[in-house]
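**Student:** This is the structure, below, for whatever I ask next.
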Amino acid sequence: MSQLTSLSSARNCTLSSSAVLRRQHFLIRSLGGGVHSNFCTQNRMQETKPLEADAENILRAITPTLDPTRHKGQAGKIAVIGGCREYTGAPYFAAISALKIGADLSHVFCTKDAAPVIKSYSPELIVHPILEESYSIGDGDKKYISGKVVAEVDKWMERFDCLVVGPGLGRDPFLLDCVSEIIKQARQSNVPIVLDGDGLFLVTNSIDLVSGYPLAVLTPNVNEYKRLVQKVLNCEVNDQDAQGQLLSLSRRIGGVTILRKGKSDLITDGEIVKSVSIYGSPRRCGGQGDILSGSVAVFLSWARQYILAAEGNVTIRPTNPTVLGCIAGSALLRKAASLAFENRKRSTLTGDIIEYLGRSLEDICPAY
Ligand SMILES: NC(=O)C1=CN([C@@H]2O[C@H](COP(=O)(O)OP(=O)(O)OC[C@H]3O[C@@H](n4cnc5c(N)ncnc54)[C@H](OP(=O)(O)O)[C@@H]3O)[C@@H](O)[C@H]2O)[C@@H](O)CC1
Ligand SMILES: Nc1ncnc2c1ncn2[C@@H]1O[C@H](COP(=O)(O)OP(=O)(O)OP(=O)(O)O)[C@@H](O)[C@H]1O
Ligand SMILES: [Mg+2]
């Protein structure tokens, strides 16, 4: 057992592909061990820095050309499930960011009272006022209404390239039950799902909803990550071995992709860990994570298209489209935040950052 523990520690420690380590990895597998077998007791190892992603090359490779033969919808149809009485900004930020980056259509499925507000922010968004919170329905109606809500989203499901579940969703128990059903349907239809905000609150408490789904992406902030680690790994966040713990977390959830937001964004799919550390903004105004979730949804969809079209001749690494989507989304948000801060300094707000998404992408990957 002690041999297994020390070998597992080595597995946690590094992503190096040296021959010695490869042999150790082989031994660990042969012994039936794994990184996640008892992560919480084996966190004494030296932290190694994750490899910085080659974000600009990835952005250039996956962003589609503006080809006149393409029709509306081919550059992406995104749906945000979020928006309730308290929060109307978050779903708007996620959905409008998807459009500003280059998606063709962006839908929002929100509660009835959030819908007119979100529509009033922008005529560009397609807003479906279909979600219901407990306060607006009687106990006897719950089953019927839940069926209606889920059927309404399902009508559209096959058309979406990616769902973003959670920005401004709130935590009403009835609403979250309906959203659980929507997640199950998306999974059945193989639609990628980015989970953020209250969507993460939901899946942290019902991890089976996403467990083992390779097209799920979790984008936790500091609080959301802490809750995930406590619930899934049953221990506290360990910043001495941030990389190893992130790998463990992803593996324990069956290899879902996780983007841990922070000073550097750390991204894993349970196989590799990449970081995006390019300078962003020192302003921590609310809503930047919402921009990120909408951006990841678009880039993930584009990465899938790119990989399909490349037919085995993929020139970038890594090759997992969910990881590529996270790297591209994180890099673009950070670049836009840095440009916005250059101009607005302390008054920089999320809306200002959104205005720089287009220019940031243009700098890396010109339209013509
Ligand atoms: N302009 C907008 O519309 C924006 C809206 N936003 C939206 O806000 C939502 C929450 O996201 P956030 O980022 O505030 O969550 P986070 O950092 O975990 O919590 C901070 C602290 O608050 C508490 N807490 C939170 N929600 C709670 C609830 N419903 N009921 C009770 N407690 C709650 C939480 O407590 P805890 O859960 O840890 O007990 C923690 O201590 C999410 O939908 C997001 O998309 C943001 O995107 C920003 C822009
Ligand atoms: N300390 C930091 N330094 C630089 N960038 C950061 C820092 N913390 C977060 N970020 C960046 O801001 C983005 C949003 O992360 P944040 O932790 O603010 O998300 P959030 O709390 O979910 O935001 P939201 O207010 O939208 O819910 C991330 O992509 C990350 O790159
Ligand atoms: Mg957030």
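A note on labels: chains of the structure tokens are A, B, ... as shown, every chain counts residues from 1, and ligands are counted from 1 in their shown order.
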Can you tell me which residues come within 6 Å of ligand 2 when counting only C-alpha atoms and all ligand atoms, ideally as a PyMOL selection string?
**Tutor:** chain A and resi 221+261-263+265+280-281+284+286-290+292+330+334
**Student:** Leaving out stretch 150-159 of chain A and any residue of its chain fewer than 4 positions from it, which residues lie within 7 Å of it when counting only C-alpha atoms, given as number ranges by chain?
**Tutor:** A: 146, 178, 181-182, 186, 189
**Student:** Identify, on the basis of only C-alpha atoms, every residue whose closest approach to A:Thr322 does not exceed 7 Å; exclude the query and any residue fewer than 6 positions from it along the same chain; express the result as a ChimeraX atom specification.
**Tutor:** /A:215,217,257,300
**Student:** Would you write out those residues with N, CA and C atoms, as a PDB file, in the first residue's frame?
**Tutor:**
ATOM      1  N   LEU A 215     -18.794  15.624 -22.368  1.00  0.00           N
ATOM      2  CA  LEU A 215     -19.095  16.946 -22.934  1.00  0.00           C
ATOM      3  C   LEU A 215     -19.551  17.942 -21.864  1.00  0.00           C
ATOM      4  N   VAL A 217     -18.590  20.682 -18.954  1.00  0.00           N
ATOM      5  CA  VAL A 217     -17.509  21.581 -18.512  1.00  0.00           C
ATOM      6  C   VAL A 217     -17.978  22.308 -17.257  1.00  0.00           C
ATOM      7  N   THR A 257     -14.543  17.991 -17.785  1.00  0.00           N
ATOM      8  CA  THR A 257     -13.561  19.078 -17.880  1.00  0.00           C
ATOM      9  C   THR A 257     -13.873  20.130 -16.818  1.00  0.00           C
ATOM     10  N   LEU A 300     -15.974  25.953 -27.569  1.00  0.00           N
ATOM     11  CA  LEU A 300     -16.115  24.488 -27.497  1.00  0.00           C
ATOM     12  C   LEU A 300     -16.814  23.980 -28.776  1.00  0.00           C
TER      13      LEU A 300
END
**Student:** What's the 9 Å shell around A:Leu228, counting only C-alpha atoms, without same-chain residues fewer than 6 positions away, as a PyMOL selection string?
**Tutor:** chain A and resi 200-201+203-205+220+234+249
**Student:** Could you please take those selected residues and save all heavy atoms as a compact mmCIF listing (two decimals), in the first residue's frame?
**Tutor:**
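File again16.txt, as written:
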# COMPACT_ATOMS: atom_id res chain seq x y z
N LEU A 200 -23.68 25.04 -11.04
CA LEU A 200 -22.67 24.30 -10.27
C LEU A 200 -23.20 23.94 -8.89
O LEU A 200 -22.91 22.87 -8.37
CB LEU A 200 -21.40 25.14 -10.14
CG LEU A 200 -20.52 25.18 -11.37
CD1 LEU A 200 -19.42 26.22 -11.20
CD2 LEU A 200 -19.90 23.82 -11.64
N PHE A 201 -23.97 24.85 -8.31
CA PHE A 201 -24.59 24.55 -7.02
C PHE A 201 -25.45 23.29 -7.16
O PHE A 201 -25.40 22.38 -6.33
CB PHE A 201 -25.44 25.76 -6.58
CG PHE A 201 -26.23 25.53 -5.34
CD1 PHE A 201 -25.63 25.64 -4.09
CD2 PHE A 201 -27.58 25.20 -5.41
CE1 PHE A 201 -26.37 25.42 -2.93
CE2 PHE A 201 -28.32 24.98 -4.25
CZ PHE A 201 -27.71 25.09 -3.02
N VAL A 203 -25.27 20.79 -9.54
CA VAL A 203 -24.57 19.52 -9.80
C VAL A 203 -23.64 19.12 -8.65
O VAL A 203 -23.37 17.93 -8.46
CB VAL A 203 -23.81 19.49 -11.16
CG1 VAL A 203 -24.74 19.73 -12.31
CG2 VAL A 203 -22.64 20.43 -11.18
N THR A 204 -23.18 20.10 -7.88
CA THR A 204 -22.35 19.74 -6.72
C THR A 204 -23.16 18.86 -5.76
O THR A 204 -22.65 17.93 -5.16
CB THR A 204 -21.84 21.01 -6.00
OG1 THR A 204 -21.05 21.75 -6.93
CG2 THR A 204 -21.00 20.69 -4.78
N ASN A 205 -24.44 19.17 -5.67
CA ASN A 205 -25.31 18.38 -4.78
C ASN A 205 -25.90 17.16 -5.46
O ASN A 205 -26.53 16.34 -4.79
CB ASN A 205 -26.42 19.28 -4.21
CG ASN A 205 -25.83 20.35 -3.31
OD1 ASN A 205 -24.97 20.05 -2.48
ND2 ASN A 205 -26.22 21.59 -3.52
N PRO A 220 -15.90 26.52 -12.05
CA PRO A 220 -16.07 27.05 -10.70
C PRO A 220 -15.21 28.27 -10.37
O PRO A 220 -14.03 28.31 -10.75
CB PRO A 220 -15.68 25.86 -9.81
CG PRO A 220 -14.74 25.06 -10.65
CD PRO A 220 -15.20 25.23 -12.08
N ASN A 234 -14.22 15.16 -0.44
CA ASN A 234 -14.38 15.04 1.00
C ASN A 234 -13.16 15.58 1.77
O ASN A 234 -12.72 14.98 2.74
CB ASN A 234 -14.61 13.56 1.33
CG ASN A 234 -15.39 13.41 2.61
OD1 ASN A 234 -15.97 14.40 3.07
ND2 ASN A 234 -15.39 12.23 3.18
N LEU A 249 -10.08 15.63 -8.82
CA LEU A 249 -11.49 16.02 -8.83
C LEU A 249 -12.15 15.63 -10.15
O LEU A 249 -13.22 15.02 -10.18
CB LEU A 249 -11.59 17.54 -8.61
CG LEU A 249 -12.99 18.11 -8.49
CD1 LEU A 249 -13.72 17.57 -7.27
CD2 LEU A 249 -12.95 19.65 -8.41
**Student:** If I take atom CA of A:Thr111 and atom CA of A:Pro129, how far is one from the other in Å, to one decimal?
**Tutor:**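 About the pair atom CA of A:Thr111 and atom CA of A:Pro129: they are 5.3 Å apart.
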**Student:** Around ligand 1, out to 6 Å and counting only C-alpha atoms and all ligand atoms, which residues are there? I want them as a PyMOL selection string.
**Tutor:** chain A and resi 87-90+166-171+197-198+223-224+286-287+290
**Student:** Within 7 Å of stretch 360-367 of chain A, counting only C-alpha atoms, which residues show up once you throw out same-chain ones fewer than 3 positions away? Write them as an mmCIF file with N, CA and C atoms, in the first residue's frame, please.
**Tutor:**
data_model
loop_
_atom_site.group_PDB
_atom_site.id
_atom_site.type_symbol
_atom_site.label_atom_id
_atom_site.label_comp_id
_atom_site.auth_asym_id
_atom_site.auth_seq_id
_atom_site.Cartn_x
_atom_site.Cartn_y
_atom_site.Cartn_z
ATOM 1 N N GLU A 56 -3.011 31.433 -28.117
ATOM 2 C CA GLU A 56 -3.206 32.183 -29.369
ATOM 3 C C GLU A 56 -3.302 31.240 -30.565
ATOM 4 N N ARG A 60 -6.494 30.721 -33.045
ATOM 5 C CA ARG A 60 -6.396 30.844 -34.507
ATOM 6 C C ARG A 60 -6.886 29.576 -35.205
ATOM 7 N N LEU A 66 -14.709 33.374 -42.081
ATOM 8 C CA LEU A 66 -16.011 33.955 -42.442
ATOM 9 C C LEU A 66 -16.276 33.623 -43.915
ATOM 10 N N LEU A 332 -9.371 34.700 -24.237
ATOM 11 C CA LEU A 332 -10.042 35.851 -24.848
ATOM 12 C C LEU A 332 -10.618 36.786 -23.785
ATOM 13 N N LYS A 335 -7.811 38.807 -22.264
ATOM 14 C CA LYS A 335 -7.303 39.850 -23.168
ATOM 15 C C LYS A 335 -8.289 41.024 -23.215
ATOM 16 N N ALA A 336 -9.572 40.712 -23.313
ATOM 17 C CA ALA A 336 -10.589 41.774 -23.369
ATOM 18 C C ALA A 336 -10.613 42.552 -22.056
ATOM 19 N N TYR A 356 -14.916 44.746 -25.670
ATOM 20 C CA TYR A 356 -13.584 44.459 -26.217
ATOM 21 C C TYR A 356 -13.407 43.012 -26.678
ATOM 22 N N LEU A 357 -14.446 42.198 -26.575
ATOM 23 C CA LEU A 357 -14.294 40.797 -27.005
ATOM 24 C C LEU A 357 -13.955 40.729 -28.489
#
**Student:** Select from stretch 101-344 of chain A everything DSSP, run on the backbone, classes as strand (DSSP E or B), then give the selection as a VMD selection string.
**Tutor:** chain A and resid 105 to 111 126 to 131 162 to 165 193 to 195 216 to 218 257 to 260 265 to 268 273 to 276
**Student:** For A:Gly358, which of A:Arg227, A:Arg252, A:Lys100, A:Arg70 is the closest residue, counting only C-alpha atoms?
**Tutor:** A:Lys100
**Student:** Using only C-alpha atoms, which of A:Val276, A:Leu175, A:Ile354, A:Val314 sits nearest A:Ser136?
**Tutor:**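 Among A:Val276, A:Leu175, A:Ile354, A:Val314, it is A:Leu175 that comes nearest to A:Ser136.
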**Student:** From the set A:Asn238, A:Gln305, A:Thr219, A:Thr350, which residue has the shortest atom-to-atom contact distance to ligand 3, counting only C-alpha atoms and all ligand atoms?
**Tutor:**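 The answer is A:Thr219, which sits nearest to ligand 3.
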**Student:** If you run DSSP over the backbone, which residues in stretch 213-346 of chain A end up alpha helix (DSSP H)? Put them as a PyMOL selection string.
**Tutor:** chain A and resi 222-228+242-252+288-310+321-344
**Student:** Would you mind listing what lies within 10 Å of A:Gly212 as a list in words, with only C-alpha atoms counted and same-chain residues fewer than 2 positions away left out?
**Tutor:**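 The contact residues come out as Ile207, Asp208, Leu209, Val210, Pro214, Leu215, Ala216, Ser250, Arg251, Arg252, Ile253, Gly254, Gly255 and Val256 of chain A.
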**Student:** Within 12 Å of stretch 309-311 of chain A, counting only C-alpha atoms, which residues qualify if same-chain residues fewer than 6 places away don't, as a PyMOL selection string?
**Tutor:** chain A and resi 61-62+64+302-303+319
**Student:** Take the residues that were just selected and, keeping N, CA and C atoms, output them as a PDB file, in the first residue's frame.
**Tutor:**
ATOM      1  N   ALA A  61      -6.548  28.425 -34.616  1.00  0.00           N
ATOM      2  CA  ALA A  61      -6.906  27.164 -35.287  1.00  0.00           C
ATOM      3  C   ALA A  61      -8.408  26.905 -35.260  1.00  0.00           C
ATOM      4  N   ILE A  62      -9.058  27.182 -34.133  1.00  0.00           N
ATOM      5  CA  ILE A  62     -10.463  26.745 -34.014  1.00  0.00           C
ATOM      6  C   ILE A  62     -11.470  27.782 -34.488  1.00  0.00           C
ATOM      7  N   PRO A  64     -13.604  29.721 -36.874  1.00  0.00           N
ATOM      8  CA  PRO A  64     -13.908  29.447 -38.280  1.00  0.00           C
ATOM      9  C   PRO A  64     -13.709  30.681 -39.151  1.00  0.00           C
ATOM     10  N   TRP A 302     -16.917  25.477 -31.676  1.00  0.00           N
ATOM     11  CA  TRP A 302     -15.997  25.654 -32.809  1.00  0.00           C
ATOM     12  C   TRP A 302     -14.901  24.596 -32.789  1.00  0.00           C
ATOM     13  N   ALA A 303     -14.418  24.259 -31.594  1.00  0.00           N
ATOM     14  CA  ALA A 303     -13.360  23.247 -31.497  1.00  0.00           C
ATOM     15  C   ALA A 303     -13.882  21.897 -31.987  1.00  0.00           C
ATOM     16  N   THR A 319      -6.116  17.953 -27.737  1.00  0.00           N
ATOM     17  CA  THR A 319      -7.113  17.749 -28.797  1.00  0.00           C
ATOM     18  C   THR A 319      -8.529  17.574 -28.253  1.00  0.00           C
TER      19      THR A 319
END
**Student:** One decimal, Å: what's the distance from atom CA of A:Glu342 over to atom CA of A:Gly329, could you say?
**Tutor:**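 Straight-line distance from atom CA of A:Glu342 to atom CA of A:Gly329 works out to 20.1 Å.
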